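S.K.: Okay, so here is upload.csv, and as you'll see once you scroll down, it has CSV, C-alpha atoms.
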chain,number,residue,atom,x,y,z
D,1,SER,CA,-18.3,111.0,-96.7
D,2,LYS,CA,-16.5,111.0,-100.0
D,3,ALA,CA,-14.6,107.9,-101.2
D,4,GLY,CA,-11.0,107.9,-99.9
D,5,LEU,CA,-11.8,109.8,-96.7
D,6,PRO,CA,-12.0,108.2,-93.3
D,7,PRO,CA,-15.5,107.6,-91.8
D,8,SER,CA,-14.7,109.8,-88.8
D,9,PRO,CA,-15.1,113.6,-88.9
D,10,THR,CA,-11.4,114.1,-88.5
D,11,VAL,CA,-10.7,115.5,-92.0
D,12,ASP,CA,-13.7,117.8,-92.0
D,13,THR,CA,-12.7,119.1,-88.6
D,14,LEU,CA,-9.2,119.7,-89.7
D,15,GLN,CA,-10.2,121.5,-92.9
D,16,ARG,CA,-12.5,123.8,-91.0
D,17,LEU,CA,-9.7,124.5,-88.6
D,18,ALA,CA,-7.3,125.3,-91.4
D,19,GLU,CA,-9.8,127.7,-93.0
D,20,LEU,CA,-10.3,129.4,-89.7
D,21,ARG,CA,-6.5,129.9,-89.3
D,22,THR,CA,-6.3,131.3,-92.8
D,23,LYS,CA,-9.0,133.8,-92.0
D,24,GLN,CA,-7.0,134.8,-88.9
D,25,LYS,CA,-3.9,135.2,-91.2
D,26,ASP,CA,-2.1,132.5,-89.2
D,27,HIS,CA,-0.8,131.0,-92.4
D,28,LEU,CA,1.9,128.8,-90.9
D,29,ALA,CA,-0.6,127.2,-88.6
D,30,ALA,CA,-3.0,126.7,-91.5
D,31,ALA,CA,-0.2,125.0,-93.5
D,32,ALA,CA,0.6,122.7,-90.6
D,33,THR,CA,-3.1,121.7,-90.5
D,34,TYR,CA,-3.2,121.0,-94.2
D,35,GLU,CA,-0.1,118.9,-93.7
D,36,GLN,CA,-2.0,116.9,-91.1
D,37,ILE,CA,-4.9,116.4,-93.6
D,38,LEU,CA,-2.5,115.0,-96.2
D,39,GLN,CA,-1.3,112.4,-93.8
D,40,ILE,CA,-4.9,111.1,-93.6
D,41,ALA,CA,-6.7,111.7,-96.9
D,42,ARG,CA,-6.0,109.5,-99.9
D,43,SER,CA,-8.6,110.4,-102.4
D,44,SER,CA,-7.3,111.5,-105.8
D,45,TRP,CA,-9.9,114.3,-106.1
D,46,TYR,CA,-9.3,115.6,-102.5
D,47,ARG,CA,-5.5,115.6,-102.2
D,48,PRO,CA,-4.8,118.1,-105.0
D,49,LEU,CA,-7.4,120.5,-103.4
D,50,ILE,CA,-5.6,120.3,-100.1
D,51,LEU,CA,-2.1,120.5,-101.7
D,52,SER,CA,-3.2,123.7,-103.5
D,53,ARG,CA,-4.4,125.2,-100.3
D,54,LEU,CA,-1.2,124.1,-98.5
D,55,ALA,CA,0.8,125.9,-101.3
D,56,ALA,CA,-1.2,129.0,-100.9
D,57,SER,CA,-0.7,129.0,-97.2
D,58,TYR,CA,3.1,128.7,-97.5
D,59,GLU,CA,3.1,131.4,-100.2
D,60,ALA,CA,1.1,133.7,-97.9
D,61,ALA,CA,3.5,132.8,-95.0
D,62,GLY,CA,6.5,134.0,-97.1
D,63,ASN,CA,7.9,130.5,-97.9
D,64,PRO,CA,8.0,130.3,-101.7
D,65,ALA,CA,10.1,127.2,-101.8
D,66,LYS,CA,7.6,125.1,-99.9
D,67,ALA,CA,4.8,126.7,-101.8
D,68,GLN,CA,6.5,125.7,-105.1
D,69,ASP,CA,6.9,122.1,-104.0
D,70,ALA,CA,3.2,121.8,-103.2
D,71,TYR,CA,2.1,123.4,-106.4
D,72,LEU,CA,4.5,121.2,-108.4
D,73,SER,CA,3.0,118.1,-106.7
D,74,VAL,CA,-0.5,119.2,-107.9
D,75,VAL,CA,0.8,119.8,-111.5
D,76,PHE,CA,2.8,116.6,-111.8
D,77,ASP,CA,0.8,114.1,-109.7
D,78,TYR,CA,-2.7,115.4,-110.5
D,79,PRO,CA,-2.7,117.1,-113.9
D,80,GLN,CA,-6.3,116.3,-114.5
D,81,SER,CA,-7.6,117.8,-111.3
D,82,ASP,CA,-9.4,121.1,-111.1
D,83,PRO,CA,-6.6,122.9,-109.1
D,84,ALA,CA,-3.9,121.9,-111.6
D,85,ALA,CA,-4.4,125.0,-113.9
D,86,SER,CA,-4.4,127.5,-111.1
D,87,SER,CA,-1.4,125.8,-109.6
D,88,LEU,CA,0.4,126.1,-112.9
D,89,GLN,CA,-0.4,129.8,-113.0
D,90,ALA,CA,0.9,130.2,-109.4
D,91,LEU,CA,4.2,128.5,-110.4
D,92,ASP,CA,4.6,130.9,-113.3
D,93,LYS,CA,4.2,133.8,-110.9
D,94,LEU,CA,6.8,132.3,-108.7
D,95,GLY,CA,9.2,131.9,-111.6
D,96,ALA,CA,9.3,128.1,-111.3
D,97,ARG,CA,10.4,125.9,-114.2
D,98,VAL,CA,7.7,123.5,-115.3
D,99,ASP,CA,8.4,120.7,-117.8
D,100,THR,CA,6.9,121.7,-121.2
D,101,PHE,CA,5.1,118.4,-121.8
D,102,GLN,CA,3.6,118.6,-118.3
D,103,ARG,CA,2.5,122.2,-118.9
D,104,ALA,CA,0.8,121.2,-122.1
D,105,THR,CA,-0.9,118.3,-120.4
D,106,VAL,CA,-2.4,120.5,-117.7
D,107,LEU,CA,-3.5,123.1,-120.2
D,108,PHE,CA,-5.2,120.4,-122.3
D,109,ASN,CA,-7.1,119.0,-119.3
D,110,ALA,CA,-8.2,122.6,-118.5
D,111,GLU,CA,-9.5,122.9,-122.0
D,112,GLN,CA,-7.1,125.7,-122.8
D,113,TYR,CA,-6.4,124.2,-126.2
D,114,GLU,CA,-4.6,127.0,-128.0
D,115,GLN,CA,-2.1,127.3,-125.1
D,116,ALA,CA,-1.7,123.6,-125.0
D,117,ILE,CA,-1.0,123.4,-128.7
D,118,ALA,CA,1.7,126.1,-128.4
D,119,ALA,CA,3.3,124.2,-125.5
D,120,TRP,CA,3.3,120.9,-127.3
D,121,ARG,CA,4.7,122.5,-130.5
D,122,GLY,CA,7.5,123.9,-128.3
D,123,TYR,CA,8.1,120.4,-126.9
D,124,VAL,CA,8.2,118.8,-130.3
D,125,ASP,CA,10.7,121.4,-131.6
D,126,ALA,CA,13.0,121.0,-128.6
D,127,THR,CA,12.9,117.2,-128.2
D,128,THR,CA,14.4,114.3,-130.1
D,129,ILE,CA,11.8,112.3,-132.0
D,130,GLY,CA,10.4,109.5,-129.8
D,131,ASP,CA,7.4,108.3,-128.0
D,132,GLY,CA,7.0,111.6,-126.2
D,133,THR,CA,6.8,113.6,-129.4
D,134,ALA,CA,4.3,111.0,-130.9
D,135,TRP,CA,2.0,111.7,-127.9
D,136,ALA,CA,2.5,115.4,-128.4
D,137,HIS,CA,1.3,115.2,-132.0
D,138,TYR,CA,-1.7,113.1,-130.9
D,139,TYR,CA,-2.8,115.6,-128.3
D,140,ILE,CA,-2.3,118.5,-130.7
D,141,GLY,CA,-4.7,116.7,-133.0
D,142,LEU,CA,-7.2,116.1,-130.2
D,143,SER,CA,-6.9,119.8,-129.3
D,144,TYR,CA,-7.9,120.8,-132.8
D,145,GLN,CA,-10.6,118.2,-132.8
D,146,ARG,CA,-12.1,119.6,-129.6
D,147,GLN,CA,-12.2,123.0,-131.2
D,148,ASP,CA,-14.1,121.6,-134.1
D,149,ASP,CA,-11.2,122.1,-136.5
D,150,CYS,CA,-11.2,118.6,-137.9
D,151,ALA,CA,-9.2,119.6,-141.0
D,152,GLN,CA,-6.2,120.6,-138.9
D,153,ALA,CA,-6.7,117.7,-136.6
D,154,ILE,CA,-6.6,115.2,-139.5
D,155,THR,CA,-3.4,116.8,-140.7
D,156,GLU,CA,-1.9,116.3,-137.3
D,157,PHE,CA,-3.0,112.7,-137.0
D,158,ASP,CA,-1.6,112.0,-140.5
D,159,THR,CA,1.7,113.6,-139.5
D,160,LEU,CA,1.8,111.3,-136.5
D,161,VAL,CA,1.2,108.2,-138.6
D,162,LYS,CA,3.8,109.1,-141.1
D,163,ARG,CA,6.6,110.1,-138.7
D,164,TYR,CA,6.0,107.3,-136.1
D,165,PRO,CA,4.9,104.2,-138.0
D,166,LYS,CA,5.5,102.1,-134.9
D,167,GLY,CA,4.5,104.7,-132.3
D,168,PRO,CA,2.6,103.8,-129.1
D,169,ILE,CA,-0.5,105.8,-130.0
D,170,LEU,CA,-1.1,105.0,-133.7
D,171,ALA,CA,-4.4,103.1,-133.3
D,172,GLU,CA,-5.9,105.8,-131.1
D,173,ALA,CA,-4.8,108.5,-133.6
D,174,ARG,CA,-6.4,106.6,-136.5
D,175,LEU,CA,-9.6,106.2,-134.5
D,176,ALA,CA,-9.6,109.9,-133.8
D,177,LYS,CA,-9.1,110.6,-137.5
D,178,ALA,CA,-12.0,108.4,-138.4
D,179,ARG,CA,-14.2,110.3,-136.0
D,180,CYS,CA,-13.1,113.5,-137.6
D,181,LEU,CA,-14.0,112.2,-141.0
D,182,GLY,CA,-17.4,111.2,-139.8
D,183,SER,CA,-18.0,114.6,-138.3
D,184,GLN,CA,-17.2,116.1,-141.7
D,185,GLY,CA,-19.9,114.0,-143.2
D,186,LYS,CA,-17.4,111.8,-145.0
D,187,ALA,CA,-19.1,108.5,-144.0
D,188,ALA,CA,-17.3,106.3,-146.6
D,189,ALA,CA,-13.9,107.6,-145.7
D,190,ALA,CA,-14.6,107.3,-142.0
D,191,ASN,CA,-15.8,103.7,-142.5
D,192,ALA,CA,-12.7,102.8,-144.5
D,193,GLU,CA,-10.4,104.3,-141.8
D,194,TYR,CA,-12.3,102.4,-139.0
D,195,LEU,CA,-12.1,99.1,-140.8
D,196,SER,CA,-8.4,99.6,-141.8
D,197,THR,CA,-7.6,100.3,-138.1
D,198,ALA,CA,-9.6,97.3,-136.9
D,199,ARG,CA,-7.8,94.9,-139.4
D,200,VAL,CA,-4.3,96.3,-138.8
D,201,TYR,CA,-4.5,96.2,-135.0
D,202,THR,CA,-6.2,92.9,-134.7
D,203,GLY,CA,-6.8,91.7,-131.1
D,204,THR,CA,-6.6,95.1,-129.5
D,205,THR,CA,-9.2,97.1,-127.7
D,206,GLN,CA,-8.8,99.8,-130.3
D,207,ALA,CA,-9.7,97.2,-133.0
D,208,GLU,CA,-12.9,96.3,-131.1
D,209,ARG,CA,-13.9,99.9,-130.7
D,210,ALA,CA,-13.1,100.6,-134.4
D,211,TYR,CA,-15.5,97.8,-135.5
D,212,TRP,CA,-18.3,99.1,-133.2
D,213,GLU,CA,-17.9,102.7,-134.3
D,214,ALA,CA,-17.7,101.7,-138.0
D,215,GLY,CA,-20.9,99.8,-137.7
D,216,PHE,CA,-22.8,102.4,-135.8
D,217,GLY,CA,-21.6,105.2,-138.1
D,218,LEU,CA,-22.9,103.3,-141.1
D,219,TYR,CA,-26.2,102.7,-139.3
D,220,ARG,CA,-26.6,106.4,-138.5
D,221,ALA,CA,-25.8,107.2,-142.1
D,222,GLY,CA,-28.6,105.0,-143.3
D,223,ASN,CA,-26.4,102.2,-144.6
D,224,VAL,CA,-28.0,99.4,-142.7
D,225,THR,CA,-26.6,96.7,-145.0
D,226,GLY,CA,-23.1,98.0,-144.5
D,227,ALA,CA,-23.6,98.2,-140.7
D,228,ILE,CA,-24.8,94.5,-140.6
D,229,SER,CA,-21.7,93.4,-142.6
D,230,VAL,CA,-19.3,95.2,-140.2
D,231,TRP,CA,-21.0,93.9,-137.0
D,232,GLU,CA,-21.2,90.3,-138.4
D,233,GLU,CA,-17.4,90.5,-139.1
D,234,PHE,CA,-16.8,91.8,-135.6
D,235,LEU,CA,-19.0,89.3,-133.8
D,236,ALA,CA,-17.3,86.4,-135.6
D,237,ALA,CA,-13.8,87.7,-134.7
D,238,TYR,CA,-14.4,88.8,-131.1
D,239,PRO,CA,-16.6,86.4,-129.2
D,240,ARG,CA,-15.7,87.9,-125.8
D,241,SER,CA,-15.5,91.6,-126.4
D,242,ASP,CA,-16.9,94.3,-124.1
D,243,TYR,CA,-18.5,95.6,-127.3
D,244,ARG,CA,-20.3,92.3,-128.1
D,245,ALA,CA,-23.6,92.9,-126.3
D,246,ARG,CA,-24.2,96.3,-128.0
D,247,SER,CA,-23.1,94.9,-131.4
D,248,LEU,CA,-25.5,91.9,-131.0
D,249,PHE,CA,-28.3,94.3,-130.2
D,250,TRP,CA,-27.8,96.7,-133.0
D,251,ASP,CA,-27.0,94.0,-135.5
D,252,GLY,CA,-30.4,92.4,-134.5
D,253,LYS,CA,-32.2,95.7,-134.7
D,254,SER,CA,-30.6,96.3,-138.2
D,255,LEU,CA,-31.6,92.9,-139.4
D,256,LEU,CA,-35.1,93.5,-138.1
D,257,ALA,CA,-35.2,96.8,-140.1
D,258,GLN,CA,-34.5,94.7,-143.2
D,259,SER,CA,-37.3,92.2,-142.3
D,260,ARG,CA,-34.7,89.5,-141.8
D,261,THR,CA,-36.8,88.4,-138.8
D,262,VAL,CA,-35.3,84.9,-138.1
D,263,GLU,CA,-31.7,86.3,-138.1
D,264,ALA,CA,-32.7,89.3,-136.1
D,265,ARG,CA,-34.4,87.1,-133.5
D,266,LYS,CA,-31.3,85.0,-133.1
D,267,ARG,CA,-29.0,88.0,-132.6
D,268,LEU,CA,-31.4,89.7,-130.1
D,269,ALA,CA,-31.7,86.4,-128.2
D,270,GLU,CA,-27.9,86.2,-128.0
D,271,ALA,CA,-27.8,89.8,-126.8
D,272,SER,CA,-30.5,89.1,-124.1
D,273,LEU,CA,-28.3,86.3,-122.7
D,274,GLU,CA,-25.0,88.2,-122.5
D,275,GLN,CA,-23.4,87.9,-119.1
D,276,PRO,CA,-23.4,89.8,-116.9
D,277,PRO,CA,-26.9,91.0,-117.8
D,278,GLY,CA,-27.0,94.7,-118.5
D,279,HIS,CA,-28.5,97.5,-120.6
D,280,TYR,CA,-28.3,95.9,-124.0
D,281,ALA,CA,-29.6,92.5,-122.6
D,282,GLN,CA,-32.6,94.3,-121.3
D,283,ARG,CA,-33.3,96.2,-124.5
D,284,ALA,CA,-32.9,93.0,-126.5
D,285,SER,CA,-35.4,91.2,-124.2
D,286,GLU,CA,-37.8,94.1,-124.6
D,287,LEU,CA,-37.5,94.0,-128.4
D,288,LEU,CA,-37.9,90.3,-128.5
D,289,ALA,CA,-41.1,90.5,-126.4
D,290,GLN,CA,-42.6,92.9,-129.0
D,291,MET,CA,-41.9,90.5,-131.9
D,292,PRO,CA,-44.6,88.1,-133.0
D,293,PRO,CA,-43.7,84.4,-132.8
D,294,VAL,CA,-42.6,82.8,-136.1
D,295,ALA,CA,-44.7,79.8,-136.7
D,296,GLY,CA,-42.8,76.6,-137.5
D,297,THR,CA,-39.4,78.0,-136.8
D,298,ALA,CA,-37.1,77.2,-133.9
D,299,THR,CA,-33.7,78.7,-133.5
D,300,ALA,CA,-31.4,77.4,-130.8
D,301,ILE,CA,-29.7,79.9,-128.7
D,302,PRO,CA,-26.1,79.0,-127.5
D,303,ALA,CA,-25.8,78.6,-123.8
D,304,ARG,CA,-23.5,81.0,-121.9
D,305,SER,CA,-21.9,80.1,-118.7
D,306,PRO,CA,-22.8,82.1,-115.6
D,307,VAL,CA,-19.1,82.0,-114.7
D,308,PRO,CA,-16.9,84.1,-117.1
D,309,GLY,CA,-14.4,81.9,-118.9
D,310,GLN,CA,-16.3,78.6,-118.4
D,311,GLU,CA,-18.3,77.3,-121.3
D,312,VAL,CA,-21.4,75.2,-121.0
D,313,THR,CA,-22.2,72.6,-123.6
D,314,PRO,CA,-25.7,73.2,-125.0
D,315,THR,CA,-28.2,70.5,-124.2
D,316,ALA,CA,-31.9,70.0,-124.7
D,317,ALA,CA,-32.4,70.8,-121.0
D,318,THR,CA,-30.3,74.0,-121.0
D,319,THR,CA,-30.8,75.6,-124.4
D,320,PRO,CA,-34.2,77.3,-125.0
D,321,THR,CA,-35.6,77.7,-128.5
D,322,ILE,CA,-37.4,80.6,-130.1
D,323,GLY,CA,-40.1,80.3,-132.7
D,324,ALA,CA,-43.3,78.3,-132.5
D,325,GLN,CA,-43.7,78.9,-128.8
D,326,ASP,CA,-44.0,82.2,-126.9
D,327,ASP,CA,-40.3,83.2,-126.9
D,328,ARG,CA,-40.6,85.5,-123.8
D,329,ALA,CA,-42.2,82.7,-121.8
D,330,VAL,CA,-39.4,80.4,-122.7
D,331,LEU,CA,-36.5,82.8,-122.3
D,332,GLU,CA,-37.5,84.7,-119.1
D,333,PRO,CA,-37.1,81.9,-116.6
D,334,TRP,CA,-33.7,81.0,-118.0
D,335,VAL,CA,-32.5,84.5,-118.1
D,336,ASN,CA,-33.7,85.1,-114.6
D,337,THR,CA,-31.9,82.0,-113.3
D,338,TRP,CA,-28.7,83.0,-114.9
D,339,SER,CA,-29.1,86.6,-113.7
D,340,SER,CA,-29.3,85.4,-110.1
D,341,THR,CA,-25.9,83.8,-110.4
D,342,ALA,CA,-24.2,87.0,-111.4
D,343,PRO,CA,-22.0,88.6,-108.6
D,344,PRO,CA,-24.0,91.2,-106.6
D,345,ARG,CA,-23.2,94.8,-107.5
D,346,ALA,CA,-22.8,96.5,-104.2
D,347,GLY,CA,-22.5,100.3,-103.8
D,348,ALA,CA,-24.4,103.2,-105.0
D,349,GLU,CA,-22.1,103.9,-108.0
D,350,ASP,CA,-22.5,100.4,-109.3
D,351,ARG,CA,-26.2,100.5,-108.9
D,352,LEU,CA,-26.4,103.7,-110.8
D,353,LEU,CA,-24.2,102.3,-113.7
D,354,ALA,CA,-26.6,99.3,-113.8
D,355,GLU,CA,-29.7,101.5,-113.9
D,356,PRO,CA,-31.3,101.3,-117.4
D,357,HIS,CA,-32.0,105.0,-117.8
D,358,PHE,CA,-28.4,105.8,-116.9
D,359,ALA,CA,-27.0,103.3,-119.3
D,360,ARG,CA,-29.3,104.5,-122.1
D,361,ALA,CA,-28.3,108.1,-121.4
D,362,MET,CA,-24.6,107.3,-121.6
D,363,GLU,CA,-25.2,105.6,-125.0
D,364,LEU,CA,-27.1,108.6,-126.3
D,365,ALA,CA,-24.4,111.0,-125.1
D,366,ALA,CA,-21.8,108.9,-126.8
D,367,ILE,CA,-23.4,109.3,-130.2
D,368,GLY,CA,-24.0,113.0,-129.8
D,369,LEU,CA,-27.8,113.0,-128.9
D,370,GLY,CA,-27.3,115.4,-126.0
D,371,GLY,CA,-31.0,116.4,-125.5
D,372,ASP,CA,-32.2,112.8,-125.4
D,373,ALA,CA,-29.4,111.9,-123.1
D,374,ALA,CA,-30.4,114.7,-120.7
D,375,THR,CA,-33.9,113.3,-120.6
D,376,GLU,CA,-32.6,109.9,-119.7
D,377,PHE,CA,-30.2,111.2,-117.0
D,378,SER,CA,-33.2,113.0,-115.4
D,379,ALA,CA,-35.1,109.8,-115.2
D,380,ALA,CA,-32.2,107.8,-113.8
Please express the file's structure as structure tokens.

M.R.:
Amino acid sequence: SKAGLPPSPTVDTLQRLAELRTKQKDHLAAAATYEQILQIARSSWYRPLILSRLAASYEAAGNPAKAQDAYLSVVFDYPQSDPAASSLQALDKLGARVDTFQRATVLFNAEQYEQAIAAWRGYVDATTIGDGTAWAHYYIGLSYQRQDDCAQAITEFDTLVKRYPKGPILAEARLAKARCLGSQGKAAAANAEYLSTARVYTGTTQAERAYWEAGFGLYRAGNVTGAISVWEEFLAAYPRSDYRARSLFWDGKSLLAQSRTVEARKRLAEASLEQPPGHYAQRASELLAQMPPVAGTATAIPARSPVPGQEVTPTAATTPTIGAQDDRAVLEPWVNTWSSTAPPRAGAEDRLLAEPHFARAMELAAIGLGGDAATEFSAA
């Protein structure tokens, strides 16, 4: 059964009963059955579906007031759901008044971008300048961006930054602008925007993401030296970031491309020991295993605690070295020991997210390599 539904067949049975009553044109009885389902079901994907069917049943039964209430619940409580757009259309047919911002939100989530832009423009024109209008400008910009009109999107993001210098969405808007500049082939301008965002909004998730995207953008553009510089700055400033493992890996790979083997080995070793172990730790270990040992060199790898937030003081007993000896033989037992202390990941969804092919596919999709991502998804 789906997440959020009870393990018993109650909901499925009630849904089949409601559908039967609808076929029999007993719409009030169908509505009553859908009401029963709503008393049981809690899933955020299932409730809007049942609410929309409840609304349709009330509408067919000649009770537009109750139909309107159910449709409004879909639009306001579940604007990202599949039934939201059709519920909005039904409300328009019923002559119901829908908040302009909420209308625009539903249209945006339904990928009806031109209509969403018109709705948000109307909202901005009719509303006092504030946080709501700042968000409206942001989503107008995203709507243009998703239609590949980056020139207009950048204009909108610049308007937001100028009008709302302390708005709640400035960092996100600047990140979106940087992505637009990158898609226009303006690598230097994109990099400047990313780094400016990272340095202005220090300590935020957006700053961490800006550093990562700046580095990877430079790497893809062939500016490996620039990418290394960005990742080194980021790694020094954010020792506990969610973007740390991937930055360590790509920094190491970039250093390796420049034949800076000792530095590359150190970064890849750090990546391989990131906790909890994941996609980039595995890739770093694989890359390390392919590298020949460096005679006469030993680089200490900082120990990381198996318990997040607790540091372990490096000692001769706990800190492996890389260099003169076979690095994989030294590292593997230690990594395996630490991996065994990580909390178990129960559940099919967590196992899928931890699956290397799936993780690699998500990374490829994020950087626009859809064909390669599809291949990895198939293998997952």

S.K.: Counting only C-alpha atoms, what is within 8 Å of Ser272 in chain D, bar same-chain residues fewer than 3 positions away, as a VMD selection string?

M.R.: chain D and resid 268 to 269 277 280 to 285 335

S.K.: Work out how far CA of Ala187 in chain D is from CA of Gly217 in chain D, in Å to one decimal.

M.R.: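 Separating CA of Gly217 in chain D from CA of Ala187 in chain D is a distance of 7.2 Å.
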
S.K.: Can you pull out the residues contacting Leu14 in chain D? Cut-off 12 Å, using all atoms listed in the file, and skip same-chain residues under 4 positions away; I want them as a VMD selection string.

M.R.: chain D and resid 8 to 10 18 to 21 29 to 41 50

S.K.: Between CA of Leu72 in chain D and CA of Ala85 in chain D, measure the distance and give it in Å to one decimal.

M.R.: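 It comes out at 11.1 Å.
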
S.K.: Quick one: pull the distance between CA of Ala151 in chain D and CA of Leu181 in chain D, Å, one decimal.

M.R.: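 Spanning CA of Ala151 in chain D to CA of Leu181 in chain D is a straight-line distance of 8.8 Å.
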
S.K.: Choose the residue, out of D:Gly132, D:Gly182, D:Pro165, D:Pro48, that has the smallest atom-to-atom separation from Ser87 in chain D; count only C-alpha atoms.

M.R.: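 With only C-alpha atoms as the atom set, the closest residue is D:Pro48.
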
S.K.: Check the smallest atom-to-atom distance from each of D:His27, D:Arg244, D:His279, D:Arg209 to Arg174 in chain D using all atoms listed in the file, then report the winner.

M.R.: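 Looking at the shortest contact to Arg174 in chain D, the residue is D:Arg209.
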
S.K.: If we count all atoms listed in the file and set the cut-off at 10 Å, which residues sit around Asp131 in chain D, ignoring sequence neighbours fewer than 4 positions away in its own chain? Please answer as a ChimeraX atom specification.

M.R.: /D:135-136,164,166-169

S.K.: Show which residues sit within 12 Å of Cys180 in chain D, as a VMD selection string. Count all atoms listed in the file, and ignore same-chain residues fewer than 2 positions away.

M.R.: chain D and resid 141 to 142 144 to 158 173 to 178 182 to 187 189 to 191 193 to 194 217

S.K.: Store the residues picked out above in a file with C-alpha atoms, as an mmCIF file, in the frame of the given file.

M.R.:
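As written to disk, out_38.cif reads:
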data_model
loop_
_atom_site.group_PDB
_atom_site.id
_atom_site.type_symbol
_atom_site.label_atom_id
_atom_site.label_comp_id
_atom_site.auth_asym_id
_atom_site.auth_seq_id
_atom_site.Cartn_x
_atom_site.Cartn_y
_atom_site.Cartn_z
ATOM 1 C CA GLY D 141 -4.700 116.700 -133.000
ATOM 2 C CA LEU D 142 -7.200 116.100 -130.200
ATOM 3 C CA TYR D 144 -7.900 120.800 -132.800
ATOM 4 C CA GLN D 145 -10.600 118.200 -132.800
ATOM 5 C CA ARG D 146 -12.100 119.600 -129.600
ATOM 6 C CA GLN D 147 -12.200 123.000 -131.200
ATOM 7 C CA ASP D 148 -14.100 121.600 -134.100
ATOM 8 C CA ASP D 149 -11.200 122.100 -136.500
ATOM 9 C CA CYS D 150 -11.200 118.600 -137.900
ATOM 10 C CA ALA D 151 -9.200 119.600 -141.000
ATOM 11 C CA GLN D 152 -6.200 120.600 -138.900
ATOM 12 C CA ALA D 153 -6.700 117.700 -136.600
ATOM 13 C CA ILE D 154 -6.600 115.200 -139.500
ATOM 14 C CA THR D 155 -3.400 116.800 -140.700
ATOM 15 C CA GLU D 156 -1.900 116.300 -137.300
ATOM 16 C CA PHE D 157 -3.000 112.700 -137.000
ATOM 17 C CA ASP D 158 -1.600 112.000 -140.500
ATOM 18 C CA ALA D 173 -4.800 108.500 -133.600
ATOM 19 C CA ARG D 174 -6.400 106.600 -136.500
ATOM 20 C CA LEU D 175 -9.600 106.200 -134.500
ATOM 21 C CA ALA D 176 -9.600 109.900 -133.800
ATOM 22 C CA LYS D 177 -9.100 110.600 -137.500
ATOM 23 C CA ALA D 178 -12.000 108.400 -138.400
ATOM 24 C CA GLY D 182 -17.400 111.200 -139.800
ATOM 25 C CA SER D 183 -18.000 114.600 -138.300
ATOM 26 C CA GLN D 184 -17.200 116.100 -141.700
ATOM 27 C CA GLY D 185 -19.900 114.000 -143.200
ATOM 28 C CA LYS D 186 -17.400 111.800 -145.000
ATOM 29 C CA ALA D 187 -19.100 108.500 -144.000
ATOM 30 C CA ALA D 189 -13.900 107.600 -145.700
ATOM 31 C CA ALA D 190 -14.600 107.300 -142.000
ATOM 32 C CA ASN D 191 -15.800 103.700 -142.500
ATOM 33 C CA GLU D 193 -10.400 104.300 -141.800
ATOM 34 C CA TYR D 194 -12.300 102.400 -139.000
ATOM 35 C CA GLY D 217 -21.600 105.200 -138.100
#

S.K.: Write out as a list of chain:residue names each polymer residue whose atoms come within 12 Å of Asp69 in chain D, counting only C-alpha atoms; drop sequence neighbours fewer than 6 positions from it.

M.R.: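 Using only C-alpha atoms, the neighbours found are D:Leu51, D:Ser52, D:Leu54, D:Ala55, D:Ala56, D:Tyr58, D:Glu59, D:Asn63, D:Val75, D:Phe76, D:Asp77, D:Ser87, D:Leu88, D:Ala90, D:Leu91, D:Leu94, D:Ala96, D:Arg97, D:Val98.
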